[in-house]
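Below is target-v2.cif, which holds mmCIF, C-alpha atoms and all ligand atoms.
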```cif
data_upload
#
loop_
_atom_site.label_atom_id
_atom_site.label_comp_id
_atom_site.auth_asym_id
_atom_site.auth_seq_id
_atom_site.Cartn_x
_atom_site.Cartn_y
_atom_site.Cartn_z
CA MET A 20 16.84 -12.70 4.77
CA SER A 21 15.44 -13.78 8.12
CA ILE A 22 13.26 -12.23 10.74
CA VAL A 23 15.09 -10.93 13.81
CA PRO A 24 13.74 -12.69 16.95
CA GLU A 25 11.60 -10.42 19.13
CA SER A 26 13.98 -10.70 22.08
CA ASP A 27 16.91 -9.44 19.99
CA ARG A 28 15.16 -6.37 18.67
CA PRO A 29 15.89 -3.01 20.26
CA ASN A 30 12.75 -1.56 21.81
CA PRO A 31 12.81 2.19 21.23
CA TYR A 32 9.95 2.48 23.67
CA SER A 33 11.87 1.33 26.71
CA ALA A 34 12.87 4.99 26.92
CA TYR A 35 9.26 5.91 27.64
CA GLY A 36 9.35 4.27 31.05
CA ALA A 37 6.31 4.82 33.21
CA HIS A 38 3.96 6.45 30.75
CA GLY A 39 0.96 4.53 31.94
CA SER A 40 -1.59 3.86 29.25
CA VAL A 41 -3.18 5.68 26.34
CA LEU A 42 -6.91 5.50 25.62
CA VAL A 43 -7.33 5.40 21.84
CA LEU A 44 -10.75 6.42 20.49
CA ASN A 45 -12.08 5.90 16.99
CA SER A 46 -15.43 7.66 16.60
CA GLY A 47 -17.51 6.70 13.59
CA SER A 48 -20.90 8.04 12.60
CA SER A 49 -22.76 5.32 14.51
CA SER A 50 -19.99 3.62 16.45
CA LEU A 51 -17.24 4.22 18.96
CA LYS A 52 -14.26 1.88 19.11
CA TYR A 53 -11.85 2.18 22.01
CA GLN A 54 -8.69 0.53 23.17
CA LEU A 55 -6.57 1.10 26.26
CA VAL A 56 -3.00 0.55 25.13
CA ASN A 57 0.32 0.22 26.88
CA PRO A 58 2.54 2.31 24.59
CA VAL A 59 5.70 0.69 25.93
CA GLY A 60 4.87 -3.01 25.89
CA GLY A 61 2.42 -2.57 23.04
CA GLU A 62 -0.36 -4.71 24.46
CA ALA A 63 -4.06 -3.81 24.48
CA ILE A 64 -5.05 -3.71 28.15
CA ALA A 65 -8.77 -3.49 27.37
CA ALA A 66 -10.84 -2.80 24.27
CA GLY A 67 -14.42 -2.34 23.28
CA THR A 68 -17.00 -1.01 20.88
CA VAL A 69 -20.27 0.85 21.16
CA GLU A 70 -22.36 0.22 18.05
CA ARG A 71 -25.65 1.57 16.72
CA ILE A 72 -25.24 4.96 18.36
CA GLY A 73 -28.26 7.19 17.79
CA GLU A 74 -30.36 4.50 16.14
CA SER A 75 -33.89 4.89 17.38
CA GLY A 76 -36.87 2.56 17.28
CA SER A 77 -36.71 -1.02 18.39
CA SER A 78 -32.97 -1.40 17.85
CA THR A 79 -30.75 -0.57 20.77
CA GLY A 80 -27.06 0.09 21.03
CA ILE A 81 -24.63 -2.74 21.60
CA VAL A 82 -21.73 -2.28 23.98
CA THR A 83 -18.91 -4.83 24.16
CA HIS A 84 -15.93 -4.61 26.47
CA THR A 85 -13.02 -7.04 26.64
CA PHE A 86 -10.67 -7.13 29.61
CA ALA A 87 -8.38 -9.89 30.86
CA GLY A 88 -9.69 -12.32 28.27
CA ASN A 89 -13.37 -11.84 29.19
CA ARG A 90 -15.85 -10.25 26.80
CA THR A 91 -18.92 -8.51 28.20
CA ARG A 92 -21.84 -7.60 25.94
CA ARG A 93 -24.76 -5.30 26.78
CA GLU A 94 -27.72 -3.96 24.83
CA LEU A 95 -28.56 -0.45 25.91
CA GLU A 96 -30.07 2.78 24.61
CA VAL A 97 -27.21 4.88 23.18
CA PRO A 98 -28.73 8.12 21.90
CA ASP A 99 -25.47 9.96 21.15
CA HIS A 100 -21.67 9.88 21.28
CA GLY A 101 -21.62 11.45 24.76
CA GLU A 102 -23.67 8.57 26.14
CA ALA A 103 -21.53 6.09 24.18
CA LEU A 104 -18.35 7.31 25.84
CA ARG A 105 -20.04 7.49 29.25
CA LEU A 106 -21.06 3.85 28.85
CA ALA A 107 -17.56 2.84 27.75
CA LEU A 108 -15.99 4.58 30.75
CA GLY A 109 -18.58 2.90 32.97
CA MET A 110 -17.49 -0.49 31.60
CA PHE A 111 -13.92 0.25 32.66
CA ASP A 112 -14.99 0.98 36.23
CA GLU A 113 -17.39 -1.95 36.40
CA ILE A 114 -15.41 -4.64 34.58
CA GLY A 115 -11.90 -3.28 34.60
CA PRO A 116 -9.40 -1.93 34.66
CA ARG A 117 -10.68 0.86 36.93
CA LEU A 118 -9.86 4.19 35.29
CA ALA A 119 -8.29 5.47 38.50
CA ASP A 120 -5.85 2.55 38.33
CA ALA A 121 -5.25 2.65 34.57
CA GLY A 122 -2.86 5.62 34.72
CA ILE A 123 -4.22 7.19 31.54
CA TYR A 124 -1.48 9.43 30.21
CA ALA A 125 -3.31 10.73 27.15
CA VAL A 126 -6.37 10.17 24.99
CA GLY A 127 -5.63 9.58 21.31
CA HIS A 128 -8.26 10.32 18.68
CA ARG A 129 -8.15 8.78 15.24
CA VAL A 130 -9.18 11.54 12.84
CA VAL A 131 -9.79 10.62 9.22
CA HIS A 132 -9.04 13.86 7.38
CA GLY A 133 -6.31 16.31 8.32
CA GLY A 134 -6.34 18.07 4.94
CA ALA A 135 -3.10 19.79 3.96
CA GLU A 136 -2.85 21.26 7.47
CA PHE A 137 -1.84 18.36 9.65
CA SER A 138 1.26 16.35 8.82
CA GLY A 139 1.66 14.81 12.25
CA PRO A 140 -0.12 14.26 15.57
CA VAL A 141 -1.23 17.39 17.46
CA VAL A 142 -2.21 18.02 21.05
CA VAL A 143 -5.85 19.10 20.90
CA ASP A 144 -7.01 22.54 22.00
CA ASP A 145 -10.11 24.53 20.98
CA ASP A 146 -8.35 25.86 17.91
CA VAL A 147 -7.42 22.35 16.72
CA VAL A 148 -11.04 21.21 17.13
CA ASP A 149 -12.18 24.18 15.02
CA ARG A 150 -9.61 23.37 12.35
CA ILE A 151 -10.68 19.72 12.18
CA GLU A 152 -14.28 20.87 11.91
CA ALA A 153 -13.33 23.23 9.08
CA LEU A 154 -12.20 20.14 7.14
CA VAL A 155 -15.69 18.59 7.25
CA PRO A 156 -16.42 19.53 3.61
CA LEU A 157 -13.49 17.31 2.57
CA ALA A 158 -14.68 14.37 4.68
CA PRO A 159 -18.40 14.76 5.27
CA LEU A 160 -18.79 11.05 6.06
CA HIS A 161 -16.04 10.95 8.69
CA ASN A 162 -14.85 14.19 10.27
CA PRO A 163 -18.18 15.19 11.93
CA ALA A 164 -18.12 12.04 14.10
CA ASN A 165 -14.43 12.55 14.84
CA VAL A 166 -15.10 16.11 16.03
CA GLN A 167 -18.03 14.94 18.13
CA GLY A 168 -15.88 12.23 19.71
CA ILE A 169 -13.16 14.71 20.60
CA ARG A 170 -15.67 17.16 22.12
CA VAL A 171 -17.34 14.62 24.41
CA ALA A 172 -14.04 13.02 25.39
CA ARG A 173 -12.55 16.37 26.38
CA GLU A 174 -15.60 16.99 28.56
CA LEU A 175 -15.54 13.58 30.22
CA LEU A 176 -11.77 13.14 30.47
CA GLY A 177 -10.76 16.75 31.00
CA ASP A 178 -7.63 16.28 33.07
CA VAL A 179 -5.46 14.43 30.54
CA PRO A 180 -4.10 15.71 27.22
CA HIS A 181 -5.94 14.75 24.05
CA VAL A 182 -4.09 14.15 20.81
CA ALA A 183 -5.46 14.00 17.27
CA VAL A 184 -3.75 11.50 14.97
CA PHE A 185 -4.68 11.87 11.32
CA ASP A 186 -5.14 9.13 8.74
CA THR A 187 -3.83 11.52 6.12
CA ALA A 188 -0.71 12.74 7.99
CA PHE A 189 1.86 10.24 6.68
CA PHE A 190 0.87 11.01 3.10
CA GLN A 191 1.47 14.73 3.46
CA ALA A 192 4.99 13.80 2.36
CA LEU A 193 3.75 12.63 -1.07
CA PRO A 194 5.41 14.40 -4.00
CA ALA A 195 3.26 16.92 -5.88
CA GLU A 196 3.12 14.74 -9.01
CA ALA A 197 1.47 11.99 -6.95
CA TYR A 198 -1.07 14.14 -5.13
CA THR A 199 -2.07 16.48 -7.96
CA TYR A 200 -5.18 15.70 -10.03
CA ALA A 201 -4.99 16.82 -13.64
CA ILE A 202 -7.93 19.21 -13.48
CA ASP A 203 -8.23 22.99 -13.79
CA ARG A 204 -5.68 24.29 -11.27
CA GLU A 205 -7.80 27.29 -10.12
CA ILE A 206 -10.77 25.11 -9.23
CA ALA A 207 -8.51 22.54 -7.60
CA ARG A 208 -6.82 25.17 -5.42
CA GLU A 209 -10.00 26.96 -4.48
CA HIS A 210 -11.69 23.76 -3.32
CA ASP A 211 -8.67 21.82 -1.96
CA VAL A 212 -9.17 19.15 -4.60
CA ARG A 213 -6.08 16.93 -4.49
CA ARG A 214 -5.11 13.51 -3.26
CA TYR A 215 -4.52 13.17 0.48
CA GLY A 216 -4.29 9.41 1.08
CA PHE A 217 -5.69 7.54 4.11
CA HIS A 218 -4.77 4.64 6.42
CA GLY A 219 -1.50 6.57 6.83
CA THR A 220 -0.96 5.43 10.41
CA SER A 221 -1.11 1.82 9.26
CA HIS A 222 1.10 2.28 6.18
CA GLN A 223 3.73 4.10 8.25
CA TYR A 224 3.59 1.53 11.03
CA VAL A 225 3.87 -1.43 8.67
CA ALA A 226 6.71 0.07 6.61
CA GLY A 227 8.61 0.71 9.84
CA LYS A 228 7.76 -2.66 11.31
CA VAL A 229 9.06 -4.41 8.19
CA ALA A 230 12.43 -2.73 8.69
CA ARG A 231 12.54 -3.61 12.39
CA VAL A 232 11.72 -7.27 11.96
CA LEU A 233 14.29 -7.59 9.18
CA GLY A 234 16.89 -5.79 11.28
CA ARG A 235 17.25 -3.19 8.50
CA ARG A 236 17.00 0.61 8.47
CA VAL A 237 13.70 1.89 7.08
CA GLN A 238 15.78 4.38 5.05
CA ASP A 239 17.29 1.48 3.11
CA LEU A 240 14.08 -0.28 2.09
CA ASN A 241 11.57 0.18 -0.72
CA THR A 242 8.27 -1.29 0.37
CA ILE A 243 4.82 -1.72 -1.14
CA VAL A 244 2.27 -1.87 1.67
CA LEU A 245 -1.11 -3.45 0.89
CA HIS A 246 -3.59 -2.56 3.65
CA LEU A 247 -6.53 -4.82 2.83
CA GLY A 248 -9.31 -4.44 5.37
CA ASN A 249 -12.91 -3.54 4.70
CA GLY A 250 -11.42 -0.29 3.43
CA ALA A 251 -8.31 -1.05 1.38
CA SER A 252 -5.34 0.96 0.17
CA ALA A 253 -1.87 0.45 -1.27
CA SER A 254 1.22 2.59 -0.85
CA ALA A 255 4.69 2.77 -2.32
CA VAL A 256 7.21 3.77 0.35
CA ARG A 257 10.81 4.62 -0.55
CA GLY A 258 13.17 4.78 2.42
CA GLY A 259 10.29 5.41 4.84
CA VAL A 260 8.80 8.21 2.71
CA PRO A 261 5.63 7.62 0.67
CA VAL A 262 5.88 8.17 -3.07
CA ASP A 263 2.30 7.21 -3.92
CA THR A 264 -0.86 5.80 -2.40
CA SER A 265 -4.11 4.57 -3.84
CA MET A 266 -6.71 6.56 -1.88
CA GLY A 267 -7.30 10.11 -3.04
CA MET A 268 -9.19 13.19 -1.91
CA THR A 269 -11.41 10.75 -0.04
CA PRO A 270 -11.04 7.04 0.80
CA LEU A 271 -13.12 6.17 -2.28
CA GLU A 272 -10.28 6.07 -4.83
CA GLY A 273 -8.02 3.14 -5.61
CA LEU A 274 -8.48 -0.53 -4.79
CA VAL A 275 -11.73 -2.45 -4.88
CA MET A 276 -12.92 -2.49 -1.24
CA GLY A 277 -15.59 -4.14 0.88
CA THR A 278 -18.30 -1.68 -0.13
CA ARG A 279 -16.42 0.99 -2.18
CA SER A 280 -15.82 0.88 -5.92
CA GLY A 281 -12.30 2.26 -5.84
CA ASP A 282 -11.11 3.62 -9.22
CA ILE A 283 -13.91 4.30 -11.64
CA ASP A 284 -14.36 6.55 -14.67
CA PRO A 285 -15.82 9.79 -13.19
CA ALA A 286 -18.14 9.92 -16.20
CA VAL A 287 -20.06 6.99 -14.67
CA VAL A 288 -21.35 9.55 -12.17
CA PHE A 289 -22.52 11.93 -14.92
CA HIS A 290 -24.08 9.05 -16.80
CA LEU A 291 -26.08 7.80 -13.81
CA ALA A 292 -27.12 11.33 -12.85
CA ARG A 293 -28.39 12.02 -16.38
CA ASN A 294 -29.84 8.64 -17.25
CA ALA A 295 -30.81 6.97 -13.98
CA GLY A 296 -31.91 10.24 -12.32
CA MET A 297 -29.71 9.55 -9.32
CA SER A 298 -28.98 12.42 -6.93
CA ILE A 299 -25.51 13.29 -5.65
CA ASP A 300 -26.33 11.68 -2.29
CA GLU A 301 -27.58 8.51 -3.96
CA LEU A 302 -24.43 8.32 -6.06
CA ASP A 303 -22.31 8.89 -2.97
CA THR A 304 -24.09 6.01 -1.25
CA LEU A 305 -23.83 3.81 -4.35
CA LEU A 306 -20.07 4.19 -4.71
CA ASN A 307 -19.19 4.21 -1.00
CA LYS A 308 -21.65 1.73 0.48
CA ARG A 309 -23.23 -0.40 -2.25
CA SER A 310 -20.23 -1.13 -4.47
CA GLY A 311 -16.97 -3.04 -4.18
CA MET A 312 -17.25 -6.68 -3.12
CA LEU A 313 -20.73 -6.11 -1.71
CA GLY A 314 -22.00 -4.64 -4.97
CA LEU A 315 -20.41 -7.35 -7.08
CA SER A 316 -21.23 -10.40 -4.98
CA GLY A 317 -23.74 -9.47 -2.28
CA VAL A 318 -21.21 -9.94 0.55
CA ASN A 319 -18.29 -7.83 1.71
CA ASP A 320 -16.66 -10.27 4.10
CA PHE A 321 -14.01 -12.42 2.43
CA ARG A 322 -14.93 -15.44 4.55
CA GLU A 323 -18.46 -15.36 3.14
CA LEU A 324 -17.09 -14.66 -0.33
CA ARG A 325 -14.93 -17.80 -0.15
CA GLN A 326 -17.97 -19.83 0.84
CA LEU A 327 -19.92 -18.49 -2.15
CA ILE A 328 -17.03 -19.21 -4.52
CA ASP A 329 -16.74 -22.76 -3.15
CA ASP A 330 -20.50 -23.15 -3.70
CA GLY A 331 -20.02 -22.24 -7.37
CA ASP A 332 -21.36 -18.68 -7.32
CA ASP A 333 -20.17 -16.97 -10.53
CA ASP A 334 -20.67 -13.40 -9.26
CA ALA A 335 -18.51 -14.15 -6.24
CA ALA A 336 -15.80 -15.65 -8.45
CA LEU A 337 -15.84 -12.56 -10.69
CA ALA A 338 -15.73 -10.26 -7.64
CA PHE A 339 -12.59 -12.04 -6.44
CA ASP A 340 -10.99 -11.71 -9.87
CA VAL A 341 -11.83 -8.00 -10.12
CA TYR A 342 -10.38 -7.43 -6.64
CA VAL A 343 -7.14 -9.24 -7.46
CA HIS A 344 -6.82 -7.68 -10.93
CA ARG A 345 -6.94 -4.17 -9.44
CA LEU A 346 -4.45 -5.07 -6.72
CA THR A 347 -1.98 -6.60 -9.14
CA LYS A 348 -2.18 -3.48 -11.32
CA TYR A 349 -1.25 -1.35 -8.34
CA VAL A 350 1.65 -3.64 -7.40
CA GLY A 351 2.99 -3.32 -10.95
CA ALA A 352 2.52 0.44 -11.01
CA TYR A 353 4.25 0.89 -7.66
CA ALA A 354 7.10 -1.42 -8.65
CA ALA A 355 7.67 0.85 -11.64
CA LEU A 356 7.59 3.97 -9.46
CA LEU A 357 9.98 2.50 -6.90
CA GLY A 358 12.35 0.96 -9.46
CA ARG A 359 13.36 -1.68 -6.92
CA VAL A 360 10.95 -3.43 -4.54
CA ASP A 361 12.54 -4.96 -1.45
CA VAL A 362 9.32 -5.91 0.32
CA ILE A 363 5.62 -6.32 -0.40
CA ALA A 364 3.78 -6.30 2.94
CA PHE A 365 0.22 -7.55 3.30
CA THR A 366 -1.75 -6.25 6.28
CA ALA A 367 -5.25 -5.73 7.81
CA GLY A 368 -8.15 -8.22 7.95
CA VAL A 369 -7.92 -9.61 4.39
CA GLY A 370 -4.18 -9.11 3.96
CA GLU A 371 -3.35 -10.89 7.22
CA ASN A 372 -5.84 -13.74 6.91
CA ASP A 373 -6.68 -14.51 3.30
CA ALA A 374 -3.93 -16.67 1.80
CA ALA A 375 -5.85 -17.01 -1.50
CA VAL A 376 -5.79 -13.25 -2.09
CA ARG A 377 -2.06 -13.08 -1.35
CA ALA A 378 -1.30 -16.00 -3.67
CA ALA A 379 -3.47 -14.62 -6.48
CA VAL A 380 -1.96 -11.11 -6.34
CA CYS A 381 1.57 -12.47 -6.66
CA ALA A 382 0.77 -15.22 -9.19
CA GLY A 383 2.62 -14.91 -12.48
CA LEU A 384 5.02 -12.25 -11.22
CA GLU A 385 8.07 -14.56 -11.07
CA ASN A 386 9.76 -12.61 -13.88
CA PHE A 387 9.60 -9.55 -11.64
CA GLY A 388 11.23 -11.50 -8.78
CA ILE A 389 7.93 -11.71 -6.90
CA ALA A 390 6.43 -15.01 -5.73
CA VAL A 391 4.65 -16.66 -2.82
CA ASP A 392 5.66 -20.02 -1.35
CA ALA A 393 2.53 -22.13 -0.87
CA ASP A 394 3.49 -23.63 2.51
CA ARG A 395 4.74 -20.36 3.96
CA ASN A 396 1.64 -18.60 2.71
CA ALA A 397 -0.65 -21.18 4.32
CA ALA A 398 1.08 -20.95 7.72
CA ARG A 399 -0.44 -18.64 10.32
CA GLY A 400 1.22 -16.41 12.87
CA GLY A 401 2.46 -12.86 13.35
CA GLU A 402 4.83 -11.07 11.03
CA ARG A 403 6.31 -13.54 8.58
CA ILE A 404 7.99 -13.98 5.20
CA ILE A 405 5.89 -15.93 2.70
CA SER A 406 8.07 -15.67 -0.42
CA PRO A 407 10.46 -18.45 -1.48
CA ASP A 408 14.15 -18.01 -0.71
CA TRP A 409 15.05 -17.34 -4.36
CA ALA A 410 12.69 -14.38 -4.77
CA LYS A 411 14.31 -10.93 -5.10
CA THR A 412 11.38 -9.28 -3.36
CA LEU A 413 10.37 -10.41 0.12
CA VAL A 414 6.62 -10.93 0.37
CA MET A 415 5.56 -10.57 4.00
CA VAL A 416 2.51 -10.61 6.24
CA VAL A 417 2.78 -7.89 8.86
CA PRO A 418 -0.20 -7.44 11.22
CA THR A 419 -1.06 -3.78 11.54
CA MET A 420 -1.51 -2.28 15.00
CA GLU A 421 -3.13 1.06 14.39
CA GLU A 422 -4.13 1.66 18.01
CA LEU A 423 -0.60 1.04 19.22
CA ALA A 424 0.81 3.33 16.52
CA ILE A 425 -1.70 6.01 17.54
CA ALA A 426 -0.82 5.54 21.23
CA ARG A 427 2.86 5.99 20.52
CA GLN A 428 2.27 9.06 18.41
CA CYS A 429 0.25 10.48 21.32
CA VAL A 430 3.14 10.03 23.70
CA GLU A 431 5.49 11.74 21.26
CA ALA A 432 3.11 14.64 20.74
CA VAL A 433 2.53 15.16 24.48
CA ASP A 434 6.24 14.90 25.26
CA GLY A 435 7.03 17.25 22.39
CA ARG A 436 9.36 14.67 20.92
CA GLU A 437 10.40 14.84 17.31
CA PRO A 438 8.89 11.69 15.80
CA THR A 439 11.69 9.59 14.43
CA ALA A 440 11.26 6.74 11.96
CA ALA A 441 12.42 4.23 14.54
CA VAL A 442 10.17 5.57 17.24
CA THR A 443 7.01 6.24 15.34
CA THR A 444 7.05 2.93 13.60
CA GLY A 445 8.69 0.57 16.08
P1 LIG B 1 -11.64 -2.45 8.90
O1 LIG B 1 -10.68 -2.03 9.99
O2 LIG B 1 -11.47 -1.74 7.60
O3 LIG B 1 -13.05 -2.60 9.33
P2 LIG B 1 -10.32 -5.04 9.06
O4 LIG B 1 -8.89 -4.76 8.81
O5 LIG B 1 -10.73 -5.45 10.42
O6 LIG B 1 -11.25 -3.91 8.49
O7 LIG B 1 -10.76 -6.18 8.02
C1 LIG B 1 -12.07 -6.67 8.02
C2 LIG B 1 -12.22 -7.61 6.85
O8 LIG B 1 -11.18 -8.61 6.90
C3 LIG B 1 -13.50 -8.42 6.88
O9 LIG B 1 -14.55 -7.72 6.24
C4 LIG B 1 -13.13 -9.66 6.10
O10 LIG B 1 -13.36 -9.44 4.73
C5 LIG B 1 -11.65 -9.80 6.31
N1 LIG B 1 -11.30 -10.92 7.19
C6 LIG B 1 -11.25 -10.94 8.52
N2 LIG B 1 -10.89 -12.15 8.98
C7 LIG B 1 -10.70 -12.93 7.88
C8 LIG B 1 -10.32 -14.30 7.67
N3 LIG B 1 -10.04 -15.11 8.67
N4 LIG B 1 -10.22 -14.73 6.39
C9 LIG B 1 -10.47 -13.90 5.36
N5 LIG B 1 -10.85 -12.61 5.50
C10 LIG B 1 -10.95 -12.14 6.73
#
```
Reformat the file's structure so that it appears as structure tokens.
Ligand code: ADP
Amino acid sequence: MSIVPESDRPNPYSAYGAHGSVLVLNSGSSSLKYQLVNPVGGEAIAAGTVERIGESGSSTGIVTHTFAGNRTRRELEVPDHGEALRLALGMFDEIGPRLADAGIYAVGHRVVHGGAEFSGPVVVDDDVVDRIEALVPLAPLHNPANVQGIRVARELLGDVPHVAVFDTAFFQALPAEAYTYAIDREIAREHDVRRYGFHGTSHQYVAGKVARVLGRRVQDLNTIVLHLGNGASASAVRGGVPVDTSMGMTPLEGLVMGTRSGDIDPAVVFHLARNAGMSIDELDTLLNKRSGMLGLSGVNDFRELRQLIDDGDDDAALAFDVYVHRLTKYVGAYAALLGRVDVIAFTAGVGENDAAVRAAVCAGLENFGIAVDADRNAARGGERIISPDWAKTLVMVVPTMEELAIARQCVEAVDGREPTAAVTTG
């Protein structure tokens, strides 16, 4: 199986013609990431971040803006998200491209939790903002900043449509047996306790991209997507439809991540509350921010982890093994669920860049038809096949492009188009 050259691939977006650009915003609790995207060509026209929003004292906010290959960095007071967006918009006018010339067609907001309500992108109105805010109890660490970002953006960019694109939306198609926790059904229903899944935009994009680069229909492929960034999640996708994913009611469940524990016996929480006197908030911080690779090794960046391992650090070596062990378990579980695995796709910061992780996850799986070719795995580049020719399952690296996927979903939502597999994931 070979990759279809870019020039030979149909571009479903040529139909979008002159749709200008989409400004994609990702509002975190203390940061704002933005990217101005051409939804047709797919390129990022400009991008930036505002970090350390609302941090007082001696530390100031940091604004970076990249346009036409030049990166500008400023240190400024950024008391709140309104000021963060004002500064970002100012960077466009000062450094480029000028907003008046950018032809912004829509603003796309990445929203972490859409609960059971949102199974696709929606054009934002007051009611939608209220509904996203009502989901704050399910995502107290994420949705408040998302709501804040939408509010200030609608004030400052009032004359273009705003669209909310949810991290959970793709996984609303999960079957009940995959999203249901085996706990008392009354309590679960009353408090919306179930699995929702996250990183959905990326999983959907990558599963679709795999089909496009292979020149196959997404409906004909069974794919395991491994999104390994600082947050990490796996999904099993049958014919473009998810059958399971590793994150749960919140992004805490599943794989070992940069700072999150992933799967853990819930009784650990009771134990630490009873015996270590830890409060709910302390436990939340422990499992979300002080665990995972950081908790095990002291670092959460895989480049630093590799350095530690090379220097003979035993904790770092164990952290790597724990990370890979969990991942391999998920690959096996998802292979069993899918019955036949056509593709395993690695994506995001670790998945795209760390050849050692990819090799370790697939090591010893030859009997399952899964293997990685050392030379192909070591090569760099865009989307590529790294398995040997004899392997039944293609192992691939497919760079995720979440901002582009969000931009395209925005265009579909504003145009009232039915998202199609080819279009949403092209
Ligand atoms: P997120 O969007 O979740 O913040 P990314 O997908 O950008 O995360 O991934 C960030 C992580 O990717 C870093 O913390 C680091 O561990 C890893 N990473 C980035 N570049 C490399 C690289 N060249 N080699 C190994 N790991 C890398």
Would you mind listing the residues within 8 Å of ligand LIG 1 (chain B), counting all atoms listed in the file, as number ranges by chain? A: 246-251, 277, 319-323, 366-374
Selection file, C-alpha atoms, as an mmCIF file, in the frame of the given file:
```cif
data_model
loop_
_atom_site.group_PDB
_atom_site.id
_atom_site.type_symbol
_atom_site.label_atom_id
_atom_site.label_comp_id
_atom_site.auth_asym_id
_atom_site.auth_seq_id
_atom_site.Cartn_x
_atom_site.Cartn_y
_atom_site.Cartn_z
ATOM 1 C CA HIS A 246 -3.590 -2.560 3.650
ATOM 2 C CA LEU A 247 -6.530 -4.820 2.830
ATOM 3 C CA GLY A 248 -9.310 -4.440 5.370
ATOM 4 C CA ASN A 249 -12.910 -3.540 4.700
ATOM 5 C CA GLY A 250 -11.420 -0.290 3.430
ATOM 6 C CA ALA A 251 -8.310 -1.050 1.380
ATOM 7 C CA GLY A 277 -15.590 -4.140 0.880
ATOM 8 C CA ASN A 319 -18.290 -7.830 1.710
ATOM 9 C CA ASP A 320 -16.660 -10.270 4.100
ATOM 10 C CA PHE A 321 -14.010 -12.420 2.430
ATOM 11 C CA ARG A 322 -14.930 -15.440 4.550
ATOM 12 C CA GLU A 323 -18.460 -15.360 3.140
ATOM 13 C CA THR A 366 -1.750 -6.250 6.280
ATOM 14 C CA ALA A 367 -5.250 -5.730 7.810
ATOM 15 C CA GLY A 368 -8.150 -8.220 7.950
ATOM 16 C CA VAL A 369 -7.920 -9.610 4.390
ATOM 17 C CA GLY A 370 -4.180 -9.110 3.960
ATOM 18 C CA GLU A 371 -3.350 -10.890 7.220
ATOM 19 C CA ASN A 372 -5.840 -13.740 6.910
ATOM 20 C CA ASP A 373 -6.680 -14.510 3.300
ATOM 21 C CA ALA A 374 -3.930 -16.670 1.800
#
```
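Taking atom CA of Ala103 of chain A and atom CA of Ala183 of chain A as the two end points, the separation is 19.2 Å.
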Shortest contact to Val82 of chain A, candidates A:Gly234, A:Gly227, A:Gly115, A:Gly67, atoms counted only C-alpha atoms, goes to A:Gly67
So that I can see what lies close to segment 279-293 of chain A, please list as a PyMOL selection string the residues with an atom at most 12 Å from it, counting all atoms listed in the file and leaving out residues fewer than 2 positions away in the same chain. chain A and resi 248-253+265-267+269-277+295-315+319+338+341-342+345-346+348-349
Test item: which residues lie within 9 Å of (11.3, -18.9, -6.1) counting all atoms listed in the file, as a list in words: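 Every polymer residue passing the test: Glu385, Gly388, Ile389, Ala390, Val391, Asp392, Ser406, Pro407, Asp408, Trp409, Ala410 and Lys411 of chain A.
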Kindly give the distance, in Å, that separates atom CA of Val148 of chain A and atom CA of Arg436 of chain A, rounded to a single decimal. 21.8 Å
Emit as AutoDock Vina command-line options the padded axis-aligned box for all listed atoms of segment 210-226 of chain A, 5 Å per side, with centre and edge lengths in Å to one decimal.
```
--center_x -2.5 --center_y 11.2 --center_z 3.2 --size_x 28.4 --size_y 35.2 --size_z 25.6
```
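Computed from the coordinates, the atom CA of Ala336 of chain A to atom CA of Gly351 of chain A distance equals 22.6 Å.
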Would you list the residues near (-28.2, 0.3, 24.5) (no more than 12 Å away, in the coordinates of the file, using only C-alpha atoms) as a ChimeraX atom specification? /A:50,68-83,92-99,102-103,105-107
Selection near segment 172-181 of chain A, 9 Å with all atoms listed in the file, sequence-local residues under 6 positions removed, as a PyMOL selection string: chain A and resi 44+101+104-105+123-128+141-144+429+433
Requested write-out: C-alpha atoms of the selected residues, as an mmCIF file, in the coordinates of the input:
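Output below, filename again26.cif:
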```cif
data_model
loop_
_atom_site.group_PDB
_atom_site.id
_atom_site.type_symbol
_atom_site.label_atom_id
_atom_site.label_comp_id
_atom_site.auth_asym_id
_atom_site.auth_seq_id
_atom_site.Cartn_x
_atom_site.Cartn_y
_atom_site.Cartn_z
ATOM 1 C CA LEU A 44 -10.750 6.420 20.490
ATOM 2 C CA GLY A 101 -21.620 11.450 24.760
ATOM 3 C CA LEU A 104 -18.350 7.310 25.840
ATOM 4 C CA ARG A 105 -20.040 7.490 29.250
ATOM 5 C CA ILE A 123 -4.220 7.190 31.540
ATOM 6 C CA TYR A 124 -1.480 9.430 30.210
ATOM 7 C CA ALA A 125 -3.310 10.730 27.150
ATOM 8 C CA VAL A 126 -6.370 10.170 24.990
ATOM 9 C CA GLY A 127 -5.630 9.580 21.310
ATOM 10 C CA HIS A 128 -8.260 10.320 18.680
ATOM 11 C CA VAL A 141 -1.230 17.390 17.460
ATOM 12 C CA VAL A 142 -2.210 18.020 21.050
ATOM 13 C CA VAL A 143 -5.850 19.100 20.900
ATOM 14 C CA ASP A 144 -7.010 22.540 22.000
ATOM 15 C CA CYS A 429 0.250 10.480 21.320
ATOM 16 C CA VAL A 433 2.530 15.160 24.480
#
```
Using only C-alpha atoms, can you tell me which of A:Val166, A:Ala424, A:Val430, A:Cys381 comes closest to Glu62 of chain A?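 Checking each candidate against Glu62 of chain A, we get A:Ala424 as the closest.
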Give me the residues within 9 Å of Gln167 of chain A as a ChimeraX atom specification, counting all atoms listed in the file and dropping any in the same chain fewer than 4 places off. /A:46,100-101,162-163,171-172
